[in-house]
Structures are given as structure tokens and as C-alpha cells.
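S.K.: Below is start-v1.cif; it holds mmCIF, C-alpha atoms.
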data_my_file
#
loop_
_atom_site.label_atom_id
_atom_site.label_comp_id
_atom_site.auth_asym_id
_atom_site.auth_seq_id
_atom_site.Cartn_x
_atom_site.Cartn_y
_atom_site.Cartn_z
CA MET E 26 0.00 0.00 0.00
CA SER E 27 1.28 3.50 -0.73
CA LEU E 28 0.51 6.66 1.16
CA VAL E 29 -0.37 9.96 -0.49
CA ASN E 30 -1.44 13.42 0.67
CA ILE E 31 0.10 13.15 4.11
CA ASP E 32 2.26 15.61 5.97
CA LEU E 33 5.48 13.84 7.00
CA GLY E 34 6.82 16.86 8.82
CA PRO E 35 10.02 18.87 8.35
CA HIS E 36 12.24 16.16 9.87
CA ALA E 37 11.03 13.25 7.74
CA GLY E 38 14.38 12.87 5.97
CA GLN E 39 16.25 12.64 9.27
CA TYR E 40 13.78 10.08 10.63
CA ILE E 41 14.08 7.91 7.54
CA TYR E 42 17.88 8.12 7.77
CA LEU E 43 17.87 7.05 11.44
CA ASN E 44 15.50 4.19 10.67
CA SER E 45 17.83 2.98 7.92
CA ILE E 46 20.83 3.17 10.25
CA CYS E 47 19.06 1.00 12.85
CA ASN E 48 18.08 -1.64 10.29
CA ILE E 49 21.51 -1.75 8.63
CA SER E 50 23.17 -1.97 12.06
CA ALA E 51 20.97 -4.97 12.89
CA ALA E 52 22.01 -6.70 9.67
CA ALA E 53 25.70 -5.96 10.36
CA ILE E 54 25.45 -7.47 13.87
CA LEU E 55 23.63 -10.54 12.55
CA TYR E 56 26.11 -11.42 9.79
CA TYR E 57 29.22 -10.48 11.78
CA GLU E 58 28.08 -12.68 14.68
CA TYR E 59 27.29 -15.52 12.28
CA ALA E 60 30.76 -15.39 10.74
CA LEU E 61 32.35 -15.15 14.19
CA THR E 62 30.57 -18.22 15.62
CA LEU E 63 30.47 -20.40 12.49
CA PRO E 64 33.54 -22.50 13.52
CA ARG E 65 31.92 -23.28 16.90
CA GLU E 66 28.64 -24.07 15.19
CA ILE E 67 30.37 -26.58 12.91
CA GLN E 68 32.17 -28.16 15.88
CA TYR E 69 29.22 -28.45 18.27
CA LEU E 70 26.11 -28.62 16.07
CA TRP E 71 26.93 -30.08 12.67
CA PRO E 72 27.02 -33.82 11.81
CA PRO E 73 28.59 -36.33 11.84
CA HIS E 74 30.18 -35.67 15.26
CA ASN E 75 26.97 -34.34 16.84
CA LYS E 76 23.63 -36.00 17.32
CA GLN E 77 20.96 -34.44 15.11
CA GLY E 78 17.90 -34.35 17.34
CA TRP E 79 15.02 -31.91 17.30
CA PHE E 80 16.81 -29.51 19.65
CA THR E 81 19.84 -29.27 17.37
CA THR E 82 17.50 -28.73 14.43
CA ALA E 83 15.80 -25.89 16.33
CA CYS E 84 19.19 -24.31 17.09
CA LEU E 85 20.20 -24.39 13.44
CA LEU E 86 16.79 -23.10 12.39
CA ASN E 87 17.16 -20.24 14.86
CA ARG E 88 20.40 -19.19 13.17
CA TYR E 89 19.63 -19.76 9.51
CA LEU E 90 16.08 -18.45 9.52
CA ALA E 91 17.54 -15.12 10.59
CA VAL E 92 20.59 -15.25 8.30
CA ILE E 93 18.65 -16.21 5.16
CA GLY E 94 15.39 -14.48 6.03
CA HIS E 95 16.98 -11.04 6.41
CA LEU E 96 18.59 -11.10 2.95
CA PRO E 97 15.50 -9.74 1.09
CA THR E 98 15.06 -7.04 3.73
CA VAL E 99 18.71 -5.98 3.49
CA VAL E 100 18.51 -5.81 -0.31
CA SER E 101 15.37 -3.67 -0.08
CA TYR E 102 17.28 -0.96 1.82
CA PHE E 103 19.27 -0.18 -1.33
CA LEU E 104 16.61 -0.57 -4.02
CA SER E 105 13.69 1.56 -5.17
CA GLY E 106 10.68 -0.74 -4.98
CA SER E 107 7.07 -0.44 -6.04
CA PRO E 108 4.27 -0.13 -3.46
CA THR E 109 3.29 -3.77 -4.06
CA VAL E 110 6.83 -5.06 -3.56
CA CYS E 111 7.29 -2.97 -0.42
CA ASP E 112 3.98 -4.18 0.99
CA ASP E 113 4.97 -7.82 0.40
CA LEU E 114 8.38 -7.25 1.99
CA HIS E 115 6.76 -5.65 5.02
CA THR E 116 4.43 -8.62 5.49
CA PHE E 117 7.36 -11.01 5.07
CA ARG E 118 9.43 -9.12 7.65
CA LYS E 119 6.64 -9.16 10.24
CA THR E 120 6.18 -12.91 9.74
CA LEU E 121 9.94 -13.45 10.01
CA VAL E 122 10.22 -11.50 13.26
CA VAL E 123 7.34 -13.45 14.84
CA ASN E 124 8.83 -16.82 13.83
CA MET E 125 12.29 -15.82 15.09
CA GLN E 126 10.83 -14.86 18.46
CA ILE E 127 8.93 -18.17 18.68
CA ILE E 128 12.04 -20.26 18.01
CA ALA E 129 14.20 -18.25 20.42
CA GLY E 130 11.50 -18.56 23.08
CA LEU E 131 11.28 -22.32 22.52
CA LEU E 132 15.01 -22.74 23.07
CA CYS E 133 14.85 -20.69 26.28
CA LEU E 134 11.85 -22.74 27.43
CA VAL E 135 13.69 -26.03 26.94
CA ARG E 136 16.72 -24.64 28.76
CA VAL E 137 14.70 -23.72 31.87
CA TYR E 138 12.64 -26.94 31.66
CA ALA E 139 15.85 -28.98 31.79
CA LEU E 140 17.25 -26.84 34.60
CA TYR E 141 14.19 -27.69 36.73
CA SER E 142 14.62 -31.45 36.13
CA ARG E 143 11.76 -31.61 33.63
CA SER E 144 9.19 -30.20 36.01
CA ARG E 145 5.72 -30.32 34.48
CA ARG E 146 4.66 -27.30 36.51
CA ILE E 147 7.46 -25.21 35.04
CA LEU E 148 6.68 -26.52 31.55
CA SER E 149 2.99 -25.68 31.94
CA LEU E 150 3.81 -22.19 33.23
CA LEU E 151 6.18 -21.38 30.38
CA LEU E 152 3.89 -22.86 27.73
CA THR E 153 0.96 -20.83 29.04
CA ILE E 154 2.91 -17.58 29.01
CA GLY E 155 4.52 -18.42 25.65
CA PHE E 156 1.24 -19.25 23.91
CA GLY E 157 -0.33 -16.18 25.47
CA ALA E 158 2.46 -14.00 24.06
CA ILE E 159 2.11 -15.58 20.60
CA ILE E 160 -1.66 -15.14 20.51
CA ASN E 161 -1.39 -11.59 21.81
CA ALA E 162 1.24 -10.63 19.21
CA SER E 163 -0.65 -12.30 16.36
CA VAL E 164 -3.91 -10.54 17.21
CA MET E 165 -2.24 -7.15 17.56
CA LEU E 166 -0.35 -7.48 14.28
CA VAL E 167 -3.52 -8.50 12.44
CA ILE E 168 -5.67 -5.73 13.93
CA ALA E 169 -3.19 -2.88 13.43
CA PRO E 170 -3.39 -2.65 9.60
CA ARG E 171 -7.19 -2.92 9.65
CA VAL E 172 -7.61 0.13 11.86
CA GLY E 173 -5.20 2.26 9.86
CA GLY E 174 -2.33 1.48 12.17
CA GLU E 175 0.41 1.34 9.54
CA GLU E 176 1.17 2.30 5.96
CA ILE E 177 4.11 1.61 3.65
CA LEU E 178 5.73 4.60 1.98
CA VAL E 179 7.48 4.66 -1.37
CA ILE E 180 9.07 8.10 -1.60
CA SER E 181 10.63 9.40 -4.77
CA ASP E 182 14.37 10.15 -4.57
CA ILE E 183 14.66 7.97 -1.42
CA ARG E 184 15.65 4.35 -1.74
CA GLY E 185 14.02 1.56 0.22
CA CYS E 186 10.60 0.94 1.75
CA ASN E 187 9.62 3.11 4.70
CA GLN E 188 6.94 2.37 7.26
CA PHE E 189 4.62 5.08 8.56
CA THR E 190 3.00 4.03 11.87
CA PRO E 191 0.43 6.38 13.48
CA PHE E 192 -0.20 6.40 17.22
CA ILE E 193 -2.83 3.64 17.13
CA GLY E 194 -0.45 1.33 15.24
CA GLY E 195 2.33 2.04 17.71
CA LEU E 196 -0.02 1.21 20.58
CA TYR E 197 -0.89 -2.18 19.09
CA GLY E 198 2.78 -2.86 18.40
CA ALA E 199 3.77 -1.98 21.97
CA LEU E 200 1.14 -4.37 23.31
CA ALA E 201 2.46 -7.12 21.03
CA TRP E 202 6.05 -6.73 22.30
CA THR E 203 4.88 -6.58 25.93
CA GLY E 204 4.12 -10.31 25.80
CA VAL E 205 7.71 -11.02 24.72
CA LEU E 206 9.01 -8.87 27.57
CA ILE E 207 6.91 -10.78 30.12
CA PHE E 208 8.12 -14.16 28.81
CA ASP E 209 11.78 -13.13 28.96
CA SER E 210 11.29 -11.80 32.50
CA VAL E 211 9.80 -15.10 33.69
CA VAL E 212 12.62 -17.12 32.06
CA PHE E 213 15.29 -15.08 33.79
CA SER E 214 13.48 -15.08 37.15
CA LEU E 215 13.22 -18.88 37.11
CA THR E 216 16.89 -19.22 36.19
CA LEU E 217 17.97 -16.85 38.94
CA TYR E 218 15.77 -18.56 41.54
CA LYS E 219 17.24 -21.96 40.69
CA ALA E 220 20.77 -20.64 41.03
CA LEU E 221 20.07 -18.98 44.39
CA SER E 222 18.35 -22.09 45.75
CA VAL E 223 21.36 -24.30 44.91
CA GLY E 224 24.09 -21.78 45.77
CA ARG E 225 27.28 -20.72 44.10
CA GLY E 226 30.18 -23.02 43.38
CA VAL E 227 28.38 -25.28 40.91
CA TRP E 228 30.16 -24.11 37.78
CA LEU E 229 27.47 -25.31 35.39
CA LEU E 230 24.81 -23.24 37.13
CA ASP E 231 27.23 -20.31 37.28
CA LEU E 232 27.58 -20.55 33.50
CA ILE E 233 23.83 -20.72 32.98
CA VAL E 234 23.15 -17.77 35.27
CA ARG E 235 25.94 -15.70 33.71
CA ASP E 236 24.70 -16.26 30.17
CA GLY E 237 21.08 -15.90 31.26
CA ALA E 238 21.78 -12.62 33.02
CA LEU E 239 23.53 -11.23 29.95
CA TYR E 240 20.76 -12.41 27.65
CA PHE E 241 17.98 -11.02 29.83
CA SER E 242 19.69 -7.70 30.52
CA VAL E 243 20.28 -6.91 26.85
CA LEU E 244 16.88 -8.17 25.71
CA PHE E 245 15.02 -6.46 28.55
CA ILE E 246 16.62 -3.13 27.67
CA MET E 247 15.99 -3.59 23.95
CA ASN E 248 12.37 -4.70 24.45
CA LEU E 249 11.76 -1.75 26.73
CA ILE E 250 13.29 0.65 24.19
CA ASN E 251 11.23 -1.00 21.45
CA ILE E 252 8.00 -0.56 23.42
CA LEU E 253 8.81 3.06 24.27
CA MET E 254 9.66 3.80 20.63
CA LEU E 255 6.36 2.33 19.48
CA TRP E 256 4.52 4.34 22.10
CA CYS E 257 6.25 7.73 21.99
CA SER E 258 8.36 8.21 18.87
CA PRO E 259 7.36 9.88 15.57
CA PRO E 260 5.46 7.71 13.05
CA LEU E 261 8.51 7.16 10.82
CA LEU E 262 10.61 5.90 13.75
CA LYS E 263 8.18 3.69 15.65
CA ASN E 264 9.42 0.40 14.16
CA SER E 265 13.09 1.35 13.84
CA THR E 266 14.28 -0.93 16.67
CA ALA E 267 12.06 -3.98 16.00
CA THR E 268 14.52 -5.69 13.67
CA LEU E 269 17.47 -4.94 15.97
CA THR E 270 15.63 -6.44 18.96
CA SER E 271 14.78 -9.59 17.04
CA VAL E 272 18.35 -9.99 15.73
CA LEU E 273 19.85 -9.60 19.21
CA SER E 274 17.43 -12.21 20.55
CA THR E 275 18.50 -14.70 17.89
CA THR E 276 22.25 -14.11 18.27
CA LEU E 277 22.20 -14.21 22.08
CA VAL E 278 20.18 -17.45 22.17
CA SER E 279 22.68 -18.97 19.74
CA ARG E 280 25.47 -17.95 22.10
CA LEU E 281 23.66 -19.57 25.04
CA VAL E 282 23.39 -22.86 23.18
CA LEU E 283 26.96 -22.86 21.87
CA ASN E 284 28.41 -22.03 25.31
CA LEU E 285 26.46 -24.87 26.90
CA ARG E 286 27.48 -27.31 24.16
CA GLU E 287 31.11 -26.31 24.58
CA GLN E 288 30.99 -26.97 28.33
CA ASP E 289 29.15 -30.24 27.75
CA SER E 290 31.93 -31.32 25.40
CA SER E 291 34.47 -30.48 28.12
CA ILE E 292 32.54 -32.64 30.61
CA SER E 293 32.60 -35.55 28.19
CA ARG E 294 36.38 -35.26 27.70
CA VAL E 295 37.05 -35.01 31.44
CA SER E 296 34.74 -37.88 32.34
CA THR E 297 36.60 -40.27 30.03
CA SER E 298 39.92 -39.45 31.73
CA ILE E 299 38.81 -39.87 35.37
CA ASP E 300 39.26 -43.19 37.13
CA PRO E 301 35.80 -44.15 38.45
CA ASN E 302 37.40 -45.93 41.45
CA HIS E 303 39.38 -42.87 42.53
CA LYS E 304 38.23 -41.37 45.83
CA PHE E 305 38.40 -37.61 46.30
CA GLN E 306 38.97 -36.06 49.70
CA ALA E 307 36.13 -33.84 50.82
CA ALA E 308 36.80 -30.35 52.08
CA PRO E 309 36.08 -29.53 55.74
CA SER E 310 32.37 -29.24 56.54
CA PRO E 311 31.29 -30.02 52.97
CA ALA E 312 27.90 -29.21 51.55
CA GLU E 313 27.03 -32.05 49.22
CA LEU E 314 24.91 -31.25 46.24
CA VAL E 315 23.58 -33.88 43.89
CA VAL E 316 23.14 -32.27 40.51
CA SER E 317 21.86 -34.06 37.46
CA THR E 318 24.10 -32.87 34.66
CA TRP E 319 21.88 -34.80 32.26
CA ASP E 320 18.96 -32.56 33.13
CA VAL E 321 20.89 -29.45 32.12
CA THR E 322 23.09 -30.43 29.22
CA SER E 323 21.72 -33.51 27.53
CA ILE E 324 18.79 -31.82 25.80
CA GLY E 325 20.05 -32.22 22.28
CA ALA E 326 23.55 -33.10 23.52
CA PRO E 327 26.15 -34.47 21.10
CA ASP E 328 26.14 -37.92 22.67
CA ASP E 329 23.52 -40.14 24.24
CA ARG E 330 23.37 -40.49 27.99
CA THR E 331 21.21 -42.56 30.28
CA LYS E 332 19.64 -41.39 33.49
CA ALA E 333 21.49 -44.02 35.48
CA THR E 334 24.90 -42.64 34.54
CA SER E 335 23.98 -38.99 34.60
CA GLN E 336 23.96 -38.32 38.34
CA ALA E 337 27.09 -36.48 39.39
CA ARG E 338 27.82 -35.81 43.06
CA ILE E 339 29.48 -32.45 43.42
CA VAL E 340 31.19 -31.80 46.75
CA VAL E 341 31.41 -28.09 47.46
CA GLY E 342 33.47 -26.97 50.43
CA THR E 343 31.95 -24.29 52.61
CA PRO E 344 34.05 -21.15 53.13
#
Rewrite the structure of this file - the entire thing - as C-alpha cells.

M.R.:
Amino acid sequence: MSLVNIDLGPHAGQYIYLNSICNISAAAILYYEYALTLPREIQYLWPPHNKQGWFTTACLLNRYLAVIGHLPTVVSYFLSGSPTVCDDLHTFRKTLVVNMQIIAGLLCLVRVYALYSRSRRILSLLLTIGFGAIINASVMLVIAPRVGGEEILVISDIRGCNQFTPFIGGLYGALAWTGVLIFDSVVFSLTLYKALSVGRGVWLLDLIVRDGALYFSVLFIMNLINILMLWCSPPLLKNSTATLTSVLSTTLVSRLVLNLREQDSSISRVSTSIDPNHKFQAAPSPAELVVSTWDVTSIGAPDDRTKATSQARIVVGTP
């Protein structure tokens, strides 16, 4: 759809420029991060040395849906398209962002589900919030165009497709992203609670909390900025941070998975070199913690493990 007879204001050129900078920056982060982590991806996710289960497939889909899916959008920044082409690209981008958020949320869900020893209560809680966020976002994105909440601009002498989002469209968009913010907050809260209930000194939990804290902090800030931009910014800038938020979600989740796979590989190498009959001396006044490493790392792990061999007794000395 094209927009005519509308006052874009005296700063329209600056707004369009800033919007382009945000989108190109998102693409640069995405492809730079992909190139940077490709060797680790090959080592810890690709066959034949790694088991190809559904979790591994989801991890690869999380990466390549973003890498391949953003190519048409990146190309559109430098071309002068027709209203029909721009409208189709806009619909494609919205669908891509929703699917990327669903896959990233699924990977986070499985991570917390495993951390809580496959608790059905935790699974039910996360599924309820996740489906609620998906339904909420889908409804808002469908309603917004029907109430005049967004239009696609094709401006002469300016390359690319530009989105004009009035206040009502920004309101619906902010409500859609609020569901994502709530889901991310619950995921981090559950991770933090588990870490505090077990205590420090268990390196695997330390790793999970460290990565989870980084993931949540960045995504919380970006989601909050995204919601505020949709609510308060000028119409030409309301969606300027949506792509950046989605790209950061995808890249950070990929980092979470690769870090956990790398540590899991280290466990496997160490476990093959330890004499099972060797007895370790406990520290004074030890606090013994039985942690199931299978529950945390074997979801889609490179090698098969059984529950009987997965229990590892970790002896942590008290200070």
C-alpha cells in the first residue's frame, strides 16, 4: 500500500535516515556474529560428530532463519521498490520477526525446563505464558493494519521501503512486544531462583546464570526501548528498533546454546579421563549437592546419555 497526501513533517528525511541506520546496524550485527561463531557451530552442532535431534535442528533453524530471512530485507534498503513489492516485503518481515521470536523462546523454554529437572509445573507455566504471548502478538499485528495502524511509503528520490506508523499502530505494536518482555522476565526469574536455591560453586549453574543474566539484561533493555519507541516516537521511527531487537534475541540465544554445548563437550572429555574408582577427599564441613548434569546439558547433547549414569555428586566446600 502506498501513502499519499500526508504531511510527513520537516524532519522526515532525518527520521528515515535514522531508521535505515538501525536496520543496517541490525544486519551488520547478525552477519558479523554468524561469521564469528560459524567455527563453533560446525564443531558443536553439525554432523557427523553431533547427534541431530530436534533440539539441534531448532538451534540451526534459529540461526539460519535469521541469516537467510533477512537477505531480502537488506537488499530492499538499497533498491527503489514499487508499493506492491514494499507491501509484500513488510508482510514477510513481520512474519519473520514473529517466527524468530517463537524459536528463540522455545530454546529458552527447553533450557529452563531442563534446569528444573523436567518439572511439568514449570513446563505448563512457560507454555501458558509463551502461547499467550504468541496469541497476543498475532492478534495485535492482524488488527493494526485494519484500523489504519500502519502504511508503507514509497518516496521518490529515497531508496528503500519506509513504514509510517500512526499512534494507534504504535499502541498495538507496543502491546504485542509486551508479551515477549513478560516471557523473557519469567525465564530469567526462574533461572535466577534456581541458582540462588542451589548456591554458588556449581560451575554449570554459574555458567547458565551468567549467560542468562547477559541475555535477559540486553533483551530487557531492547524490548523496553522498542515498546517506548512504538509508544512515543514519531510515526517514521516507531518500528526502527524492532529488527534490531529480534536480531539480538536470535544471536544471544545462539550464544547460550553454543556455550552450553562447549561446556558439555568439556565434561565428556574429562569424564573419560577420570578413574571411576578414585576417591576424592572432601573439604572440611562439605555441603554435598547432587546435581543431574543430564537434566541441564543432555537436551540435544552431542552424545547419548542414560539417566542411570547422569547423576554427578558435586562436593562443594563451605568457606

S.K.: When distances are computed from all atoms listed in the file, which of E:Glu287, E:Ile46, E:Thr120, E:Ala199 shows the smallest separation from Glu66 in chain E?

M.R.: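 Of E:Glu287, E:Ile46, E:Thr120, E:Ala199, the one nearest Glu66 in chain E, counting all atoms listed in the file, is E:Glu287.
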
S.K.: Hey, what comes out of the PyMOL selection byres ((chain E and resi 121) around 10) on this file? Could you write it as a ChimeraX atom specification?

M.R.: /E:90-91,94-95,115-120,122-127,268,271

S.K.: Write a file of the just-selected residues containing C-alpha atoms, as a CSV table (one decimal), in the coordinates of the input.

M.R.:
chain,number,residue,atom,x,y,z
E,90,LEU,CA,16.1,-18.4,9.5
E,91,ALA,CA,17.5,-15.1,10.6
E,94,GLY,CA,15.4,-14.5,6.0
E,95,HIS,CA,17.0,-11.0,6.4
E,115,HIS,CA,6.8,-5.6,5.0
E,116,THR,CA,4.4,-8.6,5.5
E,117,PHE,CA,7.4,-11.0,5.1
E,118,ARG,CA,9.4,-9.1,7.6
E,119,LYS,CA,6.6,-9.2,10.2
E,120,THR,CA,6.2,-12.9,9.7
E,122,VAL,CA,10.2,-11.5,13.3
E,123,VAL,CA,7.3,-13.4,14.8
E,124,ASN,CA,8.8,-16.8,13.8
E,125,MET,CA,12.3,-15.8,15.1
E,126,GLN,CA,10.8,-14.9,18.5
E,127,ILE,CA,8.9,-18.2,18.7
E,268,THR,CA,14.5,-5.7,13.7
E,271,SER,CA,14.8,-9.6,17.0

S.K.: Between E:Gly195, E:Pro170, E:Gly237, E:Gly130, which has the minimum distance to Phe208 in chain E (counting all atoms listed in the file)?

M.R.: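 Among E:Gly195, E:Pro170, E:Gly237, E:Gly130, it is E:Gly130 that comes nearest to Phe208 in chain E.
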
S.K.: Just give me the gap between CA of Met247 in chain E and CA of Thr270 in chain E in Å, one decimal is fine.

M.R.: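 Computing the Euclidean distance for CA of Met247 in chain E and CA of Thr270 in chain E yields 5.8 Å.
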
S.K.: Any chance you could resolve the PyMOL selection byres ((chain E and resi 240-245) around 7) against this file and give the residues as a VMD selection string?

M.R.: chain E and resid 206 209 213 236 to 239 246 to 249 274 277

S.K.: Got a sec: who's within 10 Å of range 147-151 of chain E, counting all atoms listed in the file, leaving out chain neighbours fewer than 6 positions off, as a PDB file with C-alpha atoms, keeping the file's coordinate frame?

M.R.:
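The result, stored in result.pdb:
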ATOM      1  CA  GLY E 130      11.500 -18.560  23.080  1.00  0.00           C
ATOM      2  CA  LEU E 131      11.280 -22.320  22.520  1.00  0.00           C
ATOM      3  CA  CYS E 133      14.850 -20.690  26.280  1.00  0.00           C
ATOM      4  CA  LEU E 134      11.850 -22.740  27.430  1.00  0.00           C
ATOM      5  CA  VAL E 135      13.690 -26.030  26.940  1.00  0.00           C
ATOM      6  CA  VAL E 137      14.700 -23.720  31.870  1.00  0.00           C
ATOM      7  CA  TYR E 138      12.640 -26.940  31.660  1.00  0.00           C
ATOM      8  CA  ALA E 139      15.850 -28.980  31.790  1.00  0.00           C
ATOM      9  CA  LEU E 140      17.250 -26.840  34.600  1.00  0.00           C
ATOM     10  CA  TYR E 141      14.190 -27.690  36.730  1.00  0.00           C
ATOM     11  CA  GLY E 157      -0.330 -16.180  25.470  1.00  0.00           C
ATOM     12  CA  PHE E 208       8.120 -14.160  28.810  1.00  0.00           C
ATOM     13  CA  VAL E 211       9.800 -15.100  33.690  1.00  0.00           C
ATOM     14  CA  VAL E 212      12.620 -17.120  32.060  1.00  0.00           C
ATOM     15  CA  LEU E 215      13.220 -18.880  37.110  1.00  0.00           C
TER      16      LEU E 215
END
